[in-house]
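Shown here: model_39.cif, mmCIF, C-alpha atoms and all ligand atoms.
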```
data_upload
loop_
_atom_site.label_atom_id
_atom_site.label_comp_id
_atom_site.auth_asym_id
_atom_site.auth_seq_id
_atom_site.Cartn_x
_atom_site.Cartn_y
_atom_site.Cartn_z
CA MET T 265 97.81 51.13 33.52
CA ASN T 266 98.13 54.84 34.07
CA CYS T 267 97.72 56.49 37.41
CA TYR T 268 94.35 58.02 36.61
CA LYS T 269 92.75 54.67 35.70
CA PHE T 270 94.16 53.11 38.83
CA PHE T 271 92.69 55.91 40.90
CA LEU T 272 89.26 55.39 39.32
CA ILE T 273 89.36 51.68 40.03
CA VAL T 274 90.29 52.29 43.66
CA LEU T 275 87.53 54.86 43.98
CA ALA T 276 84.97 52.48 42.47
CA SER T 277 85.93 49.68 44.84
CA LEU T 278 85.69 51.98 47.83
CA SER T 279 82.23 53.12 46.75
CA ILE T 280 81.06 49.54 46.37
CA ALA T 281 82.41 48.68 49.81
CA ALA T 282 80.67 51.72 51.31
CA CYS T 283 77.32 50.94 49.70
CA ASP T 284 77.50 47.40 50.92
CA MET T 285 77.67 48.46 54.56
CA HIS T 286 74.95 47.37 56.94
CA PRO T 287 72.51 50.15 57.91
CA ASP T 288 73.89 50.01 61.47
CA MET T 289 77.28 50.96 60.12
CA HIS T 290 75.89 53.93 58.22
CA THR T 291 74.50 55.23 61.46
CA LEU T 292 77.78 54.53 63.16
CA SER T 293 79.95 56.26 60.60
CA SER T 294 77.71 59.19 59.74
CA ASN T 295 76.76 60.30 63.22
CA LYS T 296 79.26 61.09 65.94
CA GLU T 297 76.79 60.89 68.82
CA GLY T 298 75.42 57.66 67.41
CA SER T 299 78.88 56.23 67.47
CA ALA T 300 79.40 57.24 71.14
CA ALA T 301 76.06 55.61 71.95
CA ARG T 302 77.10 52.41 70.18
CA VAL T 303 80.29 52.22 72.19
CA ILE T 304 78.40 52.74 75.47
CA ALA T 305 75.80 50.15 74.49
CA ALA T 306 78.47 47.64 73.53
CA ASN T 307 80.48 48.23 76.71
CA ASN T 308 77.42 47.71 78.89
CA GLY T 309 76.31 44.49 77.27
CA CYS T 310 73.18 45.85 75.58
CA MET T 311 74.21 44.33 72.28
CA GLY T 312 74.22 40.86 73.77
CA CYS T 313 70.43 41.08 73.74
CA HIS T 314 69.66 43.87 71.25
CA ALA T 315 70.39 44.82 67.68
CA VAL T 316 69.21 47.85 65.75
CA ALA T 317 67.15 46.14 63.11
CA THR T 318 66.39 42.65 64.41
CA THR T 319 64.99 41.18 67.59
CA ILE T 320 67.49 39.01 69.44
CA VAL T 321 66.53 38.48 73.09
CA GLY T 322 65.19 42.03 73.38
CA PRO T 323 63.22 43.93 70.73
CA ALA T 324 64.97 45.56 67.76
CA TRP T 325 65.84 49.11 68.80
CA LYS T 326 64.35 50.44 65.60
CA ARG T 327 61.01 48.96 66.68
CA VAL T 328 61.41 50.51 70.13
CA SER T 329 62.00 53.86 68.43
CA GLN T 330 58.90 53.44 66.27
CA ARG T 331 56.73 52.48 69.23
CA TYR T 332 57.71 55.40 71.46
CA LYS T 333 58.37 58.17 68.98
CA ASN T 334 54.96 59.78 69.57
CA THR T 335 54.83 59.06 73.29
CA GLU T 336 55.00 62.07 75.55
CA ASN T 337 58.15 62.03 77.71
CA ALA T 338 59.45 59.05 75.73
CA LYS T 339 62.99 59.84 76.78
CA ASP T 340 62.24 59.88 80.53
CA LEU T 341 60.13 56.79 80.18
CA LEU T 342 62.87 54.78 78.49
CA ILE T 343 65.52 56.05 80.91
CA ALA T 344 63.36 54.79 83.80
CA LYS T 345 62.85 51.43 82.09
CA ILE T 346 66.55 50.97 81.47
CA LYS T 347 67.30 51.80 85.11
CA SER T 348 64.71 49.52 86.62
CA GLY T 349 64.44 46.83 83.94
CA SER T 350 61.49 45.98 81.79
CA LYS T 351 59.08 43.12 81.38
CA GLY T 352 55.88 42.30 79.56
CA ASN T 353 55.86 45.05 76.93
CA TRP T 354 57.29 43.07 74.05
CA ASN T 355 56.02 39.55 74.76
CA ALA T 356 54.93 38.92 71.19
CA GLU T 357 58.47 39.32 69.92
CA THR T 358 60.53 38.33 72.94
CA LYS T 359 58.54 35.33 74.23
CA GLY T 360 58.25 37.01 77.61
CA GLN T 361 61.97 37.59 78.27
CA THR T 362 62.79 40.23 80.87
CA MET T 363 65.34 42.97 80.70
CA PRO T 364 67.57 43.50 83.74
CA GLY T 365 67.84 46.97 85.30
CA PHE T 366 71.00 49.02 84.81
CA GLU T 367 70.64 51.42 87.73
CA GLY T 368 74.04 51.92 89.34
CA ARG T 369 75.81 50.14 86.49
CA MET T 370 75.66 53.09 84.09
CA THR T 371 75.77 56.85 84.67
CA ASP T 372 72.67 58.96 83.94
CA GLU T 373 74.61 60.57 81.12
CA GLU T 374 75.42 57.24 79.51
CA ILE T 375 71.80 56.13 79.68
CA SER T 376 70.67 59.46 78.26
CA ILE T 377 73.04 59.20 75.28
CA VAL T 378 71.87 55.67 74.49
CA VAL T 379 68.19 56.65 74.75
CA ASP T 380 68.66 59.63 72.40
CA TYR T 381 70.31 57.27 69.97
CA ILE T 382 67.53 54.65 70.21
CA LEU T 383 64.76 57.23 69.80
CA ALA T 384 66.46 58.68 66.71
CA LEU T 385 66.81 55.32 64.97
CA ASP T 386 63.40 55.58 63.41
CA THR T 387 64.64 58.42 61.24
CA THR T 388 68.35 57.65 60.94
CA ILE T 389 68.17 54.20 59.41
CA GLN T 390 66.02 52.91 56.63
CA ASN T 391 64.00 49.69 56.20
C1 LIG J 401 69.63 40.10 79.09
C2 LIG J 401 69.11 40.70 77.88
C3 LIG J 401 69.05 42.21 77.78
C4 LIG J 401 70.06 43.13 77.99
C5 LIG J 401 71.49 42.88 78.43
C6 LIG J 401 69.48 44.42 77.65
N1 LIG J 401 68.19 44.30 77.28
FE1 LIG J 401 66.93 45.82 76.74
N2 LIG J 401 65.42 44.49 76.62
C7 LIG J 401 65.51 43.11 76.81
C8 LIG J 401 64.18 42.53 76.74
C9 LIG J 401 63.86 41.06 76.86
C10 LIG J 401 63.30 43.60 76.52
C11 LIG J 401 61.77 43.52 76.41
C12 LIG J 401 61.19 43.68 77.81
C13 LIG J 401 59.67 43.80 77.82
O1 LIG J 401 59.01 42.99 77.17
O2 LIG J 401 59.16 44.73 78.48
C14 LIG J 401 64.10 44.81 76.45
C15 LIG J 401 63.59 46.07 76.23
C16 LIG J 401 64.33 47.22 76.08
C17 LIG J 401 63.80 48.52 75.79
C18 LIG J 401 62.31 48.85 75.58
C19 LIG J 401 61.66 48.94 76.94
C20 LIG J 401 60.16 48.91 76.92
O3 LIG J 401 59.60 48.72 78.01
O4 LIG J 401 59.51 49.06 75.88
C21 LIG J 401 64.86 49.38 75.74
C22 LIG J 401 64.81 50.88 75.48
C23 LIG J 401 66.05 48.62 76.01
N3 LIG J 401 65.69 47.31 76.22
C24 LIG J 401 67.31 49.13 76.06
C25 LIG J 401 68.41 48.44 76.54
C26 LIG J 401 69.70 49.05 76.80
C27 LIG J 401 70.05 50.50 76.55
C28 LIG J 401 70.50 48.05 77.27
C29 LIG J 401 71.93 48.16 77.77
C30 LIG J 401 72.17 49.19 78.76
C31 LIG J 401 69.72 46.83 77.30
N4 LIG J 401 68.46 47.10 76.84
C32 LIG J 401 70.20 45.61 77.72
C33 LIG J 401 66.65 42.40 77.02
C34 LIG J 401 67.88 42.97 77.34
#
```
Let me see whether you can do it: turn the structure in this file into structure tokens.
Amino acid sequence: MNCYKFFLIVLASLSIAACDMHPDMHTLSSNKEGSAARVIAANNGCMGCHAVATTIVGPAWKRVSQRYKNTENAKDLLIAKIKSGSKGNWNAETKGQTMPGFEGRMTDEEISIVVDYILALDTTIQN
């Protein structure tokens, strides 16, 4: 096999691998701020209860993004909810689970980065 053919085969396999990635990973790899937000969310235990596209204990973050995208002051609202915890807004999907507050466990900047990321999910991932 010549070098050119080998190169094409490698390129094709890489493309297949890239297309097969989960939507979360597209967000992660294509958006630097998104990737910082994912690290913060993972380090603070958010992903134990949340995922981007599916409801685990807490609602799918894409659904959160869809619900609040037209709400005035959505960012401040979600920051406040993350600080103080949240309950009763997602009962239909979460069977009444509560979310603990993160005040004092995360910096304002960390919460702000994660909220920007969540609110942008509506447009940054498909499905
Ligand atoms: C122990 C599980 C758990 C953890 C950990 C958790 N959440 Fe939640 N989260 C929930 C539940 C349950 C709800 C739905 C609460 C409700 O019905 O109001 C929720 C709701 C939310 C909402 C929507 C709030 C609303 O009122 O609509 C946001 C935003 C959110 N979580 C972000 C986060 C972030 C960011 C973290 C990490 C810093 C995090 N969550 C960690 C369980 C969790």
Q | Selected residue, from T:Val316, T:Met363, T:Glu297, T:Ile304, that lies nearest to ligand LIG 401 (chain J) when counting all atoms listed in the file | A |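 Counting all atoms listed in the file, the residue closest to ligand LIG 401 (chain J) is T:Met363.
Note that atom C7 of ligand LIG 401 (chain J) and CA of Tyr332 in chain T are 15.5 Å apart.
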(Q) 6 Å from ligand LIG 401 (chain J) is the threshold here; counting only C-alpha atoms and all ligand atoms, which polymer residues fall inside it? Answer as a count of residues only. (A) 24
Q) For the atom pair CA of Gly360 in chain T and CA of Ala301 in chain T, what is the interatomic distance in Å to one decimal place? A) 26.4 Å
**Q.** Shortest interatomic distance to Phe366 in chain T - which of T:Ser348, T:Val379, T:Asn337, T:Met311, counting all atoms listed in the file
**A.**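 Smallest separation from Phe366 in chain T among the options: T:Ser348.
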